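**Student:** Questions regarding the structure given below will be posed in turn.
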Amino acid sequence: MRTIQVGSLFGIPVLVHPAWFALFALTTLILATDVYPSTIEGGSPAVHIALAAASSVLFFASIILHELAHSLVARAYRIPVRSITLFLFGGVAQITRDAARPTAELLMSLAGPLMSFAVAGACIAGWWALGGGSSEPQQVMLLWVGAMNGLLGAFNLLPAFPMDGGRVFRSLLWLITGSYYRASMVAGWTGRLFAWAMMALGALALVGYDVWVIDRFGGAWFILVGLFLEGAARQALLYTRLMETLGRYRAGDLMVPDPPVVDGQMSVGALARGALELNPRLCYFIEEEGRLAGILGAHQMQEVPEPLWDMTPAARAMVPSARLRAANPGQPIADVMVEMESAGLMHMPVVTDGRVVGVISLDRIFGVLRQAGIL
Ligand SMILES: [Zn+2]
């Protein structure tokens with residue numbers, strides 16, 4: 001299902017996943033039929049429904065504020081933020097990369113929960129200014145929104161990576177050990193253990209043993225959130241191992257040096273036949289009028305149906321140099337990979353002093369990851 005953009009804040013698009021509407025409806029329903037009728041004295045169902053809808057809107061606006069706080073701190077550290085998305089388990093800010101320093105990560109992770117606590121404080125202050133009662137509609141609503149924000153802040157501070165608390169935990173480990181990799185691995189595994197514990201508690205509640213979890217509905221919810229957190233922690237661990245493996249290489253280490261240079265008028269058949277089976281990473285530089293015109297890799301040759309091989313000149317099957325970007329031999333391979341993936345490139349020439357010295361293929365990078373058991 002695709003997300004829907006509902007607006008933007010500080011230039012950051014705010015998106016909503018369709019499943020979120022179900023959560024919004026459920027929250028409003030529970031408030032209108034259960035929570036508010038039992039706390040507000042003498043209100044009509046219409047008042048309950050209006051108040052419930054307003055409360056849900058305020059609550060989800062608070063979630064957006066929480067994510068916005070993360071996003072603005074990230075931006076202050078020059079880390080681009082792609083979007084803020086509301087989905088079934090709350091909100092998430094798509095912050096494009098990790099912080100470069102532990103203190104930056106610490107502040108980025110703390111910003112969200114601090115914002116939630118600030119909103120909770122503002123609600124309690126408003127409730128107090130209105131007289132501090134517990135049966136007037138506006139007061140009940142402010143109490144509920146305040147309590148939800150308090151819970152939101154506290155829940156996110158649980159040390160389960162990749163939740164905020166887990167990130168705080170990682171940044172502290174990173175500060176102490178000085179190793180981003182070790183801190184990430186410990187935080188990731190702590191997150192997984194935490195998720196398993198949540199699922200175990202949920203399962204116990206489902207079969208009737210209540211330990212902290214209130215009822216079967218709570219048990220099912222614990223299992224669902226546990227599953228989600230487990231997946232997220234596993235992904236984070238994989239990402240850590242991926243970055244660690246790629247961190248050992250630079251573009252110069254993985255490039256095919258000086259691939260053969262051929263003329264653009266040669267047929268794909270003449271270049272591929274016999275050679276492609278022997279070397280699946282086969283790659284040519286294509287020259288036209290003495291200048292580099294493009295790159296012809298195994299992938300491009302395979303795109304041409306075999307019966308057409310002899311009729312297709314290399315220049316027509318190649319990736320033209322205008323569409324290629326270049327790397328330099330010292331560039332970290334992780335950066336190269338991100339660039340290639342975002343531009344949809346399979347090959348990238350490696351250039352020193354304006355001279356092409358080799359070519360990197362995405363296949364080769366994936367090969368390294370496969371060897372490390374990551375893919
Ligand atoms: Zn957060």
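Following the order of the structure tokens, chains are lettered A, B, ..., residues in each are numbered from 1, and ligands are numbered from 1.
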Got a sec to check which residues lie within 7 Å of ligand 1, using only C-alpha atoms and all ligand atoms, and send them as an MDAnalysis selection string?

**Tutor:** chainID A and resid 66:67 70 109 112:113 156 163:164

**Student:** Excluding same-chain residues fewer than 4 positions from segment 294-304 of chain A, what lies within 9 Å of it counting only C-alpha atoms, as a ChimeraX atom specification?

**Tutor:** /A:264,268-269,271-272,276,279-288,308-309,312,314-315,317-324,346-349,359,361

**Student:** Quick one: everything within 12 Å of Leu151 of chain A, counting only C-alpha atoms, minus sequence neighbours fewer than 2 positions away in the same chain. Send it as a count of residues only.

**Tutor:** 21

**Student:** Could you pull out all residues of segment 160-371 of chain A with a DSSP call of strand (DSSP E) and give them as a ChimeraX atom specification?

**Tutor:** /A:256-257,261-263,283-288,291-297,319-320,347-352,355-361

**Student:** Those residues you just picked out, can you put them in a file as a tab-separated table (two decimals), in the first residue's frame with N, CA and C atoms?

**Tutor:**
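See out-v8.tsv below for the written result:
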chain	number	residue	atom	x	y	z
A	256	VAL	N	37.43	-3.21	-11.58
A	256	VAL	CA	38.16	-3.99	-12.58
A	256	VAL	C	39.10	-2.99	-13.25
A	257	PRO	N	40.43	-3.16	-13.10
A	257	PRO	CA	41.32	-2.14	-13.66
A	257	PRO	C	41.40	-2.26	-15.17
A	261	VAL	N	39.30	-1.77	-24.14
A	261	VAL	CA	38.64	-0.68	-24.86
A	261	VAL	C	38.31	-1.18	-26.26
A	262	VAL	N	37.04	-1.05	-26.65
A	262	VAL	CA	36.65	-1.50	-27.99
A	262	VAL	C	35.89	-0.41	-28.71
A	263	ASP	N	35.79	-0.58	-30.02
A	263	ASP	CA	35.10	0.42	-30.81
A	263	ASP	C	33.58	0.24	-30.73
A	283	CYS	N	33.25	-6.62	-18.82
A	283	CYS	CA	32.92	-5.22	-19.01
A	283	CYS	C	33.88	-4.59	-20.02
A	284	TYR	N	33.35	-3.76	-20.90
A	284	TYR	CA	34.18	-3.06	-21.89
A	284	TYR	C	34.00	-1.56	-21.77
A	285	PHE	N	35.07	-0.84	-22.08
A	285	PHE	CA	34.93	0.60	-22.34
A	285	PHE	C	34.66	0.74	-23.82
A	286	ILE	N	33.69	1.54	-24.18
A	286	ILE	CA	33.37	1.73	-25.58
A	286	ILE	C	33.93	3.09	-26.01
A	287	GLU	N	34.70	3.06	-27.09
A	287	GLU	CA	35.29	4.30	-27.58
A	287	GLU	C	34.68	4.69	-28.92
A	288	GLU	N	34.45	5.97	-29.08
A	288	GLU	CA	34.03	6.45	-30.39
A	288	GLU	C	34.84	7.69	-30.69
A	291	ARG	N	37.31	8.79	-28.05
A	291	ARG	CA	36.91	9.23	-26.71
A	291	ARG	C	36.00	8.20	-26.05
A	292	LEU	N	36.03	8.15	-24.73
A	292	LEU	CA	35.18	7.21	-24.00
A	292	LEU	C	33.72	7.59	-24.22
A	293	ALA	N	32.96	6.65	-24.84
A	293	ALA	CA	31.57	6.96	-25.15
A	293	ALA	C	30.61	6.29	-24.17
A	294	GLY	N	31.09	5.24	-23.50
A	294	GLY	CA	30.20	4.56	-22.56
A	294	GLY	C	30.81	3.27	-22.05
A	295	ILE	N	30.00	2.53	-21.29
A	295	ILE	CA	30.46	1.27	-20.72
A	295	ILE	C	29.48	0.19	-21.12
A	296	LEU	N	30.02	-0.95	-21.53
A	296	LEU	CA	29.17	-2.09	-21.87
A	296	LEU	C	29.50	-3.22	-20.90
A	297	GLY	N	28.61	-3.48	-19.99
A	297	GLY	CA	28.83	-4.55	-19.01
A	297	GLY	C	27.99	-5.76	-19.35
A	319	VAL	N	25.86	1.76	-21.72
A	319	VAL	CA	25.38	2.88	-20.91
A	319	VAL	C	26.22	4.07	-21.35
A	320	PRO	N	25.62	5.09	-21.99
A	320	PRO	CA	26.42	6.21	-22.50
A	320	PRO	C	27.08	6.99	-21.36
A	347	HIS	N	27.12	0.14	-13.36
A	347	HIS	CA	28.56	0.34	-13.49
A	347	HIS	C	28.93	1.78	-13.21
A	348	MET	N	30.13	1.96	-12.73
A	348	MET	CA	30.61	3.32	-12.53
A	348	MET	C	32.10	3.35	-12.84
A	349	PRO	N	32.51	4.26	-13.74
A	349	PRO	CA	33.94	4.35	-14.03
A	349	PRO	C	34.70	4.97	-12.84
A	350	VAL	N	35.93	4.53	-12.68
A	350	VAL	CA	36.78	5.10	-11.64
A	350	VAL	C	37.80	5.99	-12.33
A	351	VAL	N	37.88	7.21	-11.91
A	351	VAL	CA	38.66	8.21	-12.63
A	351	VAL	C	39.73	8.82	-11.73
A	352	THR	N	40.97	8.91	-12.23
A	352	THR	CA	42.02	9.66	-11.55
A	352	THR	C	42.57	10.69	-12.51
A	355	ARG	N	41.49	10.65	-16.03
A	355	ARG	CA	41.74	9.45	-16.82
A	355	ARG	C	40.97	8.29	-16.20
A	356	VAL	N	40.26	7.52	-17.05
A	356	VAL	CA	39.52	6.36	-16.52
A	356	VAL	C	40.50	5.23	-16.24
A	357	VAL	N	40.54	4.77	-15.00
A	357	VAL	CA	41.51	3.72	-14.65
A	357	VAL	C	40.85	2.38	-14.38
A	358	GLY	N	39.52	2.36	-14.30
A	358	GLY	CA	38.86	1.09	-14.05
A	358	GLY	C	37.36	1.29	-13.99
A	359	VAL	N	36.67	0.20	-13.68
A	359	VAL	CA	35.21	0.31	-13.59
A	359	VAL	C	34.72	-0.57	-12.44
A	360	ILE	N	33.72	-0.06	-11.74
A	360	ILE	CA	33.13	-0.80	-10.63
A	360	ILE	C	31.77	-1.27	-11.05
A	361	SER	N	31.46	-2.53	-10.76
A	361	SER	CA	30.10	-2.99	-11.05
A	361	SER	C	29.40	-3.30	-9.74

**Student:** A:Phe24, A:Ile84, A:Glu306, A:Val168: which is nearest Val6 of chain A, counting only C-alpha atoms?

**Tutor:**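 Looking at the shortest contact to Val6 of chain A, the residue is A:Ile84.
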
**Student:** Run DSSP on the backbone and grab whatever in segment 24-251 of chain A lands in helix (DSSP H, G or I); send it over as number ranges by chain.

**Tutor:** A: 24-39, 45-76, 102-129, 137-156, 164-177, 180-206, 216-246, 251

**Student:** To one decimal in Å, tell me the separation between atom CA of Val35 of chain A and atom CA of Cys123 of chain A.

**Tutor:** 17.9 Å

**Student:** Which of these residues is nearest to Met199 of chain A, using only C-alpha atoms: A:Glu230, A:Glu277, A:Glu244, A:Asp215?

**Tutor:**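 Result for the nearest residue to Met199 of chain A: A:Glu230.
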
**Student:** Return the single residue from A:Arg192, A:Arg241, A:Arg82, A:Arg248 that is closest to Gln331 of chain A, with distances computed using only C-alpha atoms.

**Tutor:**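 Answer, going by the shortest atom-to-atom distance: A:Arg248.
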
**Student:** Between A:Gly330, A:Gly178, A:Gly42, A:Gly218, which has the minimum distance to Ser135 of chain A (counting only C-alpha atoms)?

**Tutor:** A:Gly42

**Student:** Find the residue from A:Phe217, A:Glu339, A:Thr245, A:Gly90 that sits nearest to Gly373 of chain A; use only C-alpha atoms when measuring.

**Tutor:** A:Thr245
